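File shown here: protein.txt, holding compact mmCIF, C-alpha atoms.
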# COMPACT_ATOMS: atom_id res chain seq x y z
CA MET H 1 -13.47 -75.24 -16.37
CA LYS H 2 -15.26 -77.05 -13.54
CA VAL H 3 -15.38 -75.64 -10.03
CA THR H 4 -16.58 -77.22 -6.79
CA ILE H 5 -17.51 -74.94 -3.91
CA LYS H 6 -17.56 -77.05 -0.73
CA THR H 7 -19.66 -75.43 2.02
CA ASN H 8 -20.92 -76.48 5.43
CA LYS H 9 -24.36 -76.78 3.76
CA GLY H 10 -23.20 -79.03 0.89
CA ASP H 11 -21.39 -78.76 -2.43
CA ILE H 12 -22.06 -76.57 -5.46
CA GLU H 13 -20.60 -77.54 -8.83
CA LEU H 14 -20.17 -74.89 -11.49
CA GLN H 15 -19.10 -74.84 -15.11
CA LEU H 16 -17.15 -71.66 -15.84
CA ASN H 17 -17.31 -70.20 -19.34
CA THR H 18 -13.69 -69.39 -20.16
CA GLU H 19 -14.53 -68.38 -23.73
CA ALA H 20 -17.12 -65.75 -22.78
CA ALA H 21 -15.31 -64.42 -19.69
CA PRO H 22 -11.59 -65.34 -19.88
CA VAL H 23 -10.30 -62.61 -17.54
CA THR H 24 -13.01 -63.24 -14.96
CA CYS H 25 -12.56 -67.03 -15.03
CA GLN H 26 -8.78 -66.73 -14.68
CA ASN H 27 -9.23 -64.30 -11.78
CA PHE H 28 -11.65 -66.67 -10.01
CA LYS H 29 -9.34 -69.64 -10.66
CA GLN H 30 -6.35 -67.79 -9.19
CA TYR H 31 -8.27 -66.87 -6.02
CA ALA H 32 -9.36 -70.52 -5.69
CA GLU H 33 -5.84 -71.89 -6.22
CA ASP H 34 -4.41 -69.37 -3.74
CA GLY H 35 -6.86 -70.62 -1.09
CA HIS H 36 -8.45 -67.17 -0.80
CA PHE H 37 -11.99 -68.54 -0.57
CA ASN H 38 -11.21 -71.14 2.12
CA GLY H 39 -12.90 -70.06 5.33
CA THR H 40 -14.84 -67.21 3.76
CA ILE H 41 -18.60 -67.11 4.12
CA PHE H 42 -21.69 -66.36 2.10
CA HIS H 43 -22.03 -62.97 3.79
CA ARG H 44 -25.07 -61.63 1.93
CA VAL H 45 -28.12 -63.82 1.43
CA ILE H 46 -31.30 -62.35 -0.06
CA PRO H 47 -34.05 -64.89 -0.80
CA ASP H 48 -35.51 -64.69 -4.32
CA PHE H 49 -32.48 -62.64 -5.42
CA MET H 50 -28.96 -64.00 -4.80
CA ILE H 51 -26.33 -65.38 -2.40
CA GLN H 52 -22.98 -63.54 -2.25
CA GLY H 53 -19.61 -64.69 -0.97
CA GLY H 54 -15.88 -64.69 -1.47
CA GLY H 55 -14.80 -61.66 0.52
CA PHE H 56 -15.38 -61.96 4.27
CA ASP H 57 -14.45 -64.39 7.04
CA ALA H 58 -16.93 -65.57 9.68
CA ASP H 59 -16.20 -62.49 11.82
CA MET H 60 -17.07 -60.24 8.85
CA ASN H 61 -13.46 -59.17 8.37
CA GLN H 62 -12.86 -58.39 4.71
CA LYS H 63 -9.99 -60.33 3.16
CA PRO H 64 -7.35 -58.49 1.12
CA THR H 65 -7.68 -58.82 -2.65
CA ARG H 66 -5.61 -58.42 -5.78
CA GLU H 67 -6.18 -55.68 -8.37
CA ASN H 68 -9.72 -55.23 -9.67
CA ILE H 69 -10.53 -56.73 -13.06
CA LYS H 70 -12.28 -55.37 -16.13
CA ASN H 71 -16.00 -55.99 -16.41
CA GLU H 72 -16.71 -58.60 -19.11
CA ALA H 73 -20.51 -58.35 -18.76
CA ASN H 74 -20.87 -57.65 -22.50
CA ASN H 75 -20.29 -61.34 -23.23
CA GLY H 76 -23.80 -62.54 -24.07
CA LEU H 77 -24.27 -64.39 -20.78
CA VAL H 78 -27.18 -63.35 -18.56
CA ASN H 79 -27.97 -63.31 -14.84
CA SER H 80 -30.30 -66.30 -14.86
CA LEU H 81 -31.25 -68.81 -12.17
CA GLY H 82 -28.09 -70.64 -11.03
CA SER H 83 -25.62 -68.44 -12.88
CA ILE H 84 -22.52 -67.12 -11.10
CA ALA H 85 -21.51 -63.49 -11.56
CA MET H 86 -18.98 -61.06 -10.12
CA ALA H 87 -20.01 -58.67 -7.37
CA ARG H 88 -18.70 -55.12 -7.57
CA THR H 89 -19.13 -51.58 -6.28
CA PRO H 90 -20.92 -48.90 -8.36
CA ASP H 91 -17.68 -48.67 -10.40
CA PRO H 92 -18.30 -51.12 -13.29
CA HIS H 93 -14.66 -52.28 -13.27
CA SER H 94 -14.30 -52.91 -9.51
CA ALA H 95 -14.78 -56.69 -9.25
CA SER H 96 -12.10 -58.57 -7.31
CA SER H 97 -12.90 -61.75 -5.33
CA GLN H 98 -16.58 -61.47 -4.43
CA PHE H 99 -19.15 -63.35 -6.48
CA PHE H 100 -22.83 -64.16 -6.32
CA ILE H 101 -25.12 -66.93 -7.48
CA ASN H 102 -28.49 -65.86 -8.84
CA LEU H 103 -31.56 -67.35 -7.16
CA LYS H 104 -33.81 -66.36 -10.10
CA ASP H 105 -33.57 -64.64 -13.46
CA ASN H 106 -32.27 -61.16 -12.56
CA ASP H 107 -32.49 -59.44 -15.95
CA PHE H 108 -31.94 -55.98 -14.41
CA LEU H 109 -28.33 -57.04 -13.65
CA ASN H 110 -27.52 -57.75 -17.30
CA PHE H 111 -25.33 -55.65 -19.58
CA THR H 112 -27.24 -53.09 -21.64
CA SER H 113 -24.59 -50.50 -22.57
CA GLU H 114 -21.05 -49.39 -21.75
CA THR H 115 -22.24 -46.74 -19.32
CA GLN H 116 -22.14 -46.45 -15.53
CA SER H 117 -25.74 -47.61 -15.24
CA GLY H 118 -25.75 -50.07 -18.13
CA PHE H 119 -22.61 -52.12 -17.62
CA GLY H 120 -24.27 -54.80 -15.53
CA TYR H 121 -22.68 -57.68 -13.65
CA CYS H 122 -20.43 -60.18 -15.41
CA VAL H 123 -21.80 -63.71 -15.56
CA PHE H 124 -18.97 -66.22 -15.94
CA GLY H 125 -20.54 -69.61 -15.34
CA GLU H 126 -23.51 -71.69 -14.31
CA THR H 127 -24.48 -74.22 -11.68
CA VAL H 128 -24.40 -77.80 -12.95
CA SER H 129 -25.28 -79.46 -9.63
CA GLY H 130 -25.97 -78.41 -6.07
CA MET H 131 -29.08 -76.27 -6.51
CA GLU H 132 -30.38 -77.93 -3.33
CA THR H 133 -27.32 -76.51 -1.51
CA ILE H 134 -27.93 -73.07 -3.02
CA GLU H 135 -31.59 -73.26 -1.94
CA ALA H 136 -30.53 -74.32 1.59
CA ILE H 137 -28.21 -71.31 1.79
CA ALA H 138 -30.98 -69.03 0.50
CA ALA H 139 -33.27 -70.27 3.30
CA VAL H 140 -31.02 -69.38 6.26
CA VAL H 141 -32.06 -66.75 8.78
CA THR H 142 -30.26 -63.43 8.24
CA GLY H 143 -29.87 -60.17 10.09
CA PRO H 144 -27.64 -57.12 10.41
CA HIS H 145 -23.96 -57.43 11.36
CA GLY H 146 -22.29 -54.06 11.89
CA GLN H 147 -22.89 -52.00 8.74
CA HIS H 148 -23.89 -55.09 6.73
CA GLN H 149 -27.43 -56.33 6.14
CA ASP H 150 -28.70 -59.80 5.13
CA VAL H 151 -25.85 -61.63 6.92
CA PRO H 152 -26.61 -65.24 7.90
CA ILE H 153 -27.02 -65.55 11.69
CA ASP H 154 -25.24 -68.93 11.55
CA SER H 155 -22.28 -68.69 9.18
CA VAL H 156 -22.48 -70.41 5.81
CA VAL H 157 -18.79 -71.28 5.41
CA ILE H 158 -16.99 -71.88 2.13
CA GLU H 159 -14.63 -74.64 3.20
CA SER H 160 -12.82 -74.90 -0.14
CA VAL H 161 -13.06 -74.08 -3.83
CA THR H 162 -11.38 -76.49 -6.24
CA VAL H 163 -10.87 -76.07 -9.97
CA SER H 164 -10.51 -78.96 -12.42
Turn the structure described in the file into structure tokens.
Amino acid sequence: MKVTIKTNKGDIELQLNTEAAPVTCQNFKQYAEDGHFNGTIFHRVIPDFMIQGGGFDADMNQKPTRENIKNEANNGLVNSLGSIAMARTPDPHSASSQFFINLKDNDFLNFTSETQSGFGYCVFGETVSGMETIEAIAAVVTGPHGQHQDVPIDSVVIESVTVS
């Protein structure tokens, strides 16, 4: 499944792995088709780590989500440069709409065991083009916004997410 994330910094094309992460890919696809991502921002940008989006509008208001999904991190995929994974709270099975794209190999985020500390973060695809866009997003100036840290000063807007 191909996905295009259109941002005000350029486009990112991803290939989602529906065999390794069927629940996660279907969840992401549904949010995209529902228009959930349109107008959200990359709200957490940490150079040499990751860029995170899919949950907040430009005013840092969190968008409502559907039910959380099960963590499919035990699928053999790893948090490598350019991979897309689901963001979550400390609860391993708390992913909903937020995702992140890895800016380097982040092995410490990978599945190691079915425990609270070992579950990891589910990778469900990889970047096939647009690394220059990802790098441009990673280079923006960030600061605090309310209780949030690492928020871009000038919003990095997700204009649309299309699935083909």
Separating atom CA of H:Gly76 from atom CA of H:Ile158, to the nearest tenth of an Å, is a gap of 28.6 Å
Item checked: Shell around H:Ser160 at 12 Å using all atoms listed in the file, local window under 4 positions removed, as a VMD selection string -> chain H and resid 3 to 8 10 to 13 31 to 41 54
Across H:Asp57, H:Glu67, H:Glu72, H:Glu126, the smallest distance to H:Phe42, with all atoms listed in the file counted, is shown by H:Asp57
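Distance-wise, atom CA of H:Ala58 and atom CA of H:Leu103 end up 22.4 Å apart.
Across the structure, atom CA of H:Pro144 and atom CA of H:Thr127 are spaced 28.1 Å apart.
You can rank H:Val78, H:Ile153, H:Ala73, H:Ile51 by their closest distance to H:Ala138 using all atoms listed in the file, and at the top of that list sits H:Ile51.
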Give me, as a JSON list (two decimals) with C-alpha atoms, in the coordinates of the input, all polymer residues having an atom no more than 12 Å from H:Asn68, counting all atoms listed in the file and skipping those fewer than 4 positions away in the same chain.
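As a result, around_15.json now contains:
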[["chain", "number", "residue", "atom", "x", "y", "z"],
["H", 23, "VAL", "CA", -10.30, -62.61, -17.54],
["H", 24, "THR", "CA", -13.01, -63.24, -14.96],
["H", 27, "ASN", "CA", -9.23, -64.30, -11.78],
["H", 28, "PHE", "CA", -11.65, -66.67, -10.01],
["H", 64, "PRO", "CA", -7.35, -58.49, 1.12],
["H", 86, "MET", "CA", -18.98, -61.06, -10.12],
["H", 87, "ALA", "CA", -20.01, -58.67, -7.37],
["H", 88, "ARG", "CA", -18.70, -55.12, -7.57],
["H", 89, "THR", "CA", -19.13, -51.58, -6.28],
["H", 91, "ASP", "CA", -17.68, -48.67, -10.40],
["H", 92, "PRO", "CA", -18.30, -51.12, -13.29],
["H", 93, "HIS", "CA", -14.66, -52.28, -13.27],
["H", 94, "SER", "CA", -14.30, -52.91, -9.51],
["H", 95, "ALA", "CA", -14.78, -56.69, -9.25],
["H", 96, "SER", "CA", -12.10, -58.57, -7.31],
["H", 97, "SER", "CA", -12.90, -61.75, -5.33],
["H", 98, "GLN", "CA", -16.58, -61.47, -4.43]]
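Taking only C-alpha atoms into account, H:Ala139 lies nearest to H:Asp154 out of the set H:Asp154, H:Ser113, H:Met1, H:Cys122.
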Polymer residues at most 9 Å from H:Leu77, only C-alpha atoms, same-chain spacing of 3 or more positions, as a PyMOL selection string: chain H and resi 20+73-74+80+83+110-111+122-125
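If you count all atoms listed in the file and draw a sphere of 12 Å around (-21.5, -57.8, 12.5), the protein and nucleic acid residues inside it come out as His43, Arg44, Phe56, Asp57, Ala58, Asp59, Met60, Asn61, Gln62, Thr142, Gly143, Pro144, His145, Gly146, Gln147, His148, Gln149, Asp150, Val151, Pro152, Ile153, Asp154 and Ser155 of chain H.
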Using only C-alpha atoms, the residue out of H:Met50, H:Cys25, H:Ile69, H:Val161 with shortest distance to H:Glu135 is H:Met50
Quick test: take stretch 41-68 of chain H, keep N, CA and C atoms, and write it as a PDB file, in the first residue's frame.
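The resulting selection.pdb:
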ATOM      1  N   ILE H  41      -0.443  18.657  12.224  1.00  0.00           N
ATOM      2  CA  ILE H  41       0.941  19.111  12.087  1.00  0.00           C
ATOM      3  C   ILE H  41       1.912  18.037  12.572  1.00  0.00           C
ATOM      4  N   PHE H  42       3.168  18.182  12.173  1.00  0.00           N
ATOM      5  CA  PHE H  42       4.238  17.453  12.842  1.00  0.00           C
ATOM      6  C   PHE H  42       4.503  18.255  14.110  1.00  0.00           C
ATOM      7  N   HIS H  43       3.992  17.744  15.232  1.00  0.00           N
ATOM      8  CA  HIS H  43       3.984  18.509  16.484  1.00  0.00           C
ATOM      9  C   HIS H  43       5.183  18.229  17.384  1.00  0.00           C
ATOM     10  N   ARG H  44       5.981  17.234  17.026  1.00  0.00           N
ATOM     11  CA  ARG H  44       7.152  16.887  17.843  1.00  0.00           C
ATOM     12  C   ARG H  44       8.292  16.562  16.884  1.00  0.00           C
ATOM     13  N   VAL H  45       9.301  17.397  16.895  1.00  0.00           N
ATOM     14  CA  VAL H  45      10.430  17.253  15.983  1.00  0.00           C
ATOM     15  C   VAL H  45      11.711  17.251  16.810  1.00  0.00           C
ATOM     16  N   ILE H  46      12.414  16.117  16.787  1.00  0.00           N
ATOM     17  CA  ILE H  46      13.655  15.989  17.545  1.00  0.00           C
ATOM     18  C   ILE H  46      14.746  15.551  16.571  1.00  0.00           C
ATOM     19  N   PRO H  47      15.647  16.490  16.213  1.00  0.00           N
ATOM     20  CA  PRO H  47      16.711  16.142  15.265  1.00  0.00           C
ATOM     21  C   PRO H  47      17.499  14.917  15.729  1.00  0.00           C
ATOM     22  N   ASP H  48      17.927  14.117  14.775  1.00  0.00           N
ATOM     23  CA  ASP H  48      18.702  12.894  15.033  1.00  0.00           C
ATOM     24  C   ASP H  48      17.909  11.868  15.840  1.00  0.00           C
ATOM     25  N   PHE H  49      16.577  11.993  15.820  1.00  0.00           N
ATOM     26  CA  PHE H  49      15.719  11.004  16.484  1.00  0.00           C
ATOM     27  C   PHE H  49      14.504  10.709  15.614  1.00  0.00           C
ATOM     28  N   MET H  50      13.491  11.606  15.610  1.00  0.00           N
ATOM     29  CA  MET H  50      12.283  11.353  14.834  1.00  0.00           C
ATOM     30  C   MET H  50      11.446  12.612  14.685  1.00  0.00           C
ATOM     31  N   ILE H  51      10.466  12.543  13.731  1.00  0.00           N
ATOM     32  CA  ILE H  51       9.440  13.572  13.582  1.00  0.00           C
ATOM     33  C   ILE H  51       8.091  12.890  13.809  1.00  0.00           C
ATOM     34  N   GLN H  52       7.227  13.506  14.607  1.00  0.00           N
ATOM     35  CA  GLN H  52       5.957  12.887  15.007  1.00  0.00           C
ATOM     36  C   GLN H  52       4.787  13.759  14.600  1.00  0.00           C
ATOM     37  N   GLY H  53       3.737  13.128  14.092  1.00  0.00           N
ATOM     38  CA  GLY H  53       2.539  13.860  13.696  1.00  0.00           C
ATOM     39  C   GLY H  53       1.295  13.005  13.779  1.00  0.00           C
ATOM     40  N   GLY H  54       0.199  13.589  13.272  1.00  0.00           N
ATOM     41  CA  GLY H  54      -1.045  12.838  13.166  1.00  0.00           C
ATOM     42  C   GLY H  54      -2.045  13.030  14.274  1.00  0.00           C
ATOM     43  N   GLY H  55      -1.783  13.943  15.213  1.00  0.00           N
ATOM     44  CA  GLY H  55      -2.708  14.041  16.332  1.00  0.00           C
ATOM     45  C   GLY H  55      -3.161  15.433  16.729  1.00  0.00           C
ATOM     46  N   PHE H  56      -2.422  16.474  16.303  1.00  0.00           N
ATOM     47  CA  PHE H  56      -2.726  17.827  16.755  1.00  0.00           C
ATOM     48  C   PHE H  56      -2.885  18.773  15.573  1.00  0.00           C
ATOM     49  N   ASP H  57      -3.755  19.792  15.753  1.00  0.00           N
ATOM     50  CA  ASP H  57      -3.863  20.843  14.747  1.00  0.00           C
ATOM     51  C   ASP H  57      -2.818  21.916  15.047  1.00  0.00           C
ATOM     52  N   ALA H  58      -2.775  22.948  14.225  1.00  0.00           N
ATOM     53  CA  ALA H  58      -1.751  23.989  14.346  1.00  0.00           C
ATOM     54  C   ALA H  58      -1.822  24.753  15.666  1.00  0.00           C
ATOM     55  N   ASP H  59      -2.965  24.737  16.336  1.00  0.00           N
ATOM     56  CA  ASP H  59      -3.099  25.384  17.635  1.00  0.00           C
ATOM     57  C   ASP H  59      -2.803  24.435  18.792  1.00  0.00           C
ATOM     58  N   MET H  60      -2.295  23.244  18.459  1.00  0.00           N
ATOM     59  CA  MET H  60      -1.968  22.190  19.432  1.00  0.00           C
ATOM     60  C   MET H  60      -3.205  21.663  20.165  1.00  0.00           C
ATOM     61  N   ASN H  61      -4.334  21.671  19.457  1.00  0.00           N
ATOM     62  CA  ASN H  61      -5.531  21.008  19.965  1.00  0.00           C
ATOM     63  C   ASN H  61      -5.494  19.568  19.473  1.00  0.00           C
ATOM     64  N   GLN H  62      -5.643  18.621  20.409  1.00  0.00           N
ATOM     65  CA  GLN H  62      -5.599  17.213  20.024  1.00  0.00           C
ATOM     66  C   GLN H  62      -6.911  16.817  19.361  1.00  0.00           C
ATOM     67  N   LYS H  63      -6.804  16.108  18.237  1.00  0.00           N
ATOM     68  CA  LYS H  63      -7.988  15.663  17.511  1.00  0.00           C
ATOM     69  C   LYS H  63      -8.530  14.381  18.144  1.00  0.00           C
ATOM     70  N   PRO H  64      -9.848  14.202  18.118  1.00  0.00           N
ATOM     71  CA  PRO H  64     -10.415  12.957  18.649  1.00  0.00           C
ATOM     72  C   PRO H  64      -9.999  11.768  17.787  1.00  0.00           C
ATOM     73  N   THR H  65      -9.886  10.613  18.414  1.00  0.00           N
ATOM     74  CA  THR H  65      -9.448   9.405  17.716  1.00  0.00           C
ATOM     75  C   THR H  65     -10.429   8.263  17.923  1.00  0.00           C
ATOM     76  N   ARG H  66     -10.244   7.229  17.139  1.00  0.00           N
ATOM     77  CA  ARG H  66     -11.006   5.987  17.316  1.00  0.00           C
ATOM     78  C   ARG H  66     -10.344   5.168  18.427  1.00  0.00           C
ATOM     79  N   GLU H  67     -10.837   3.953  18.615  1.00  0.00           N
ATOM     80  CA  GLU H  67     -10.274   3.040  19.617  1.00  0.00           C
ATOM     81  C   GLU H  67      -8.787   2.794  19.344  1.00  0.00           C
ATOM     82  N   ASN H  68      -8.027   2.564  20.408  1.00  0.00           N
ATOM     83  CA  ASN H  68      -6.620   2.195  20.264  1.00  0.00           C
ATOM     84  C   ASN H  68      -6.516   0.833  19.586  1.00  0.00           C
TER      85      ASN H  68
END
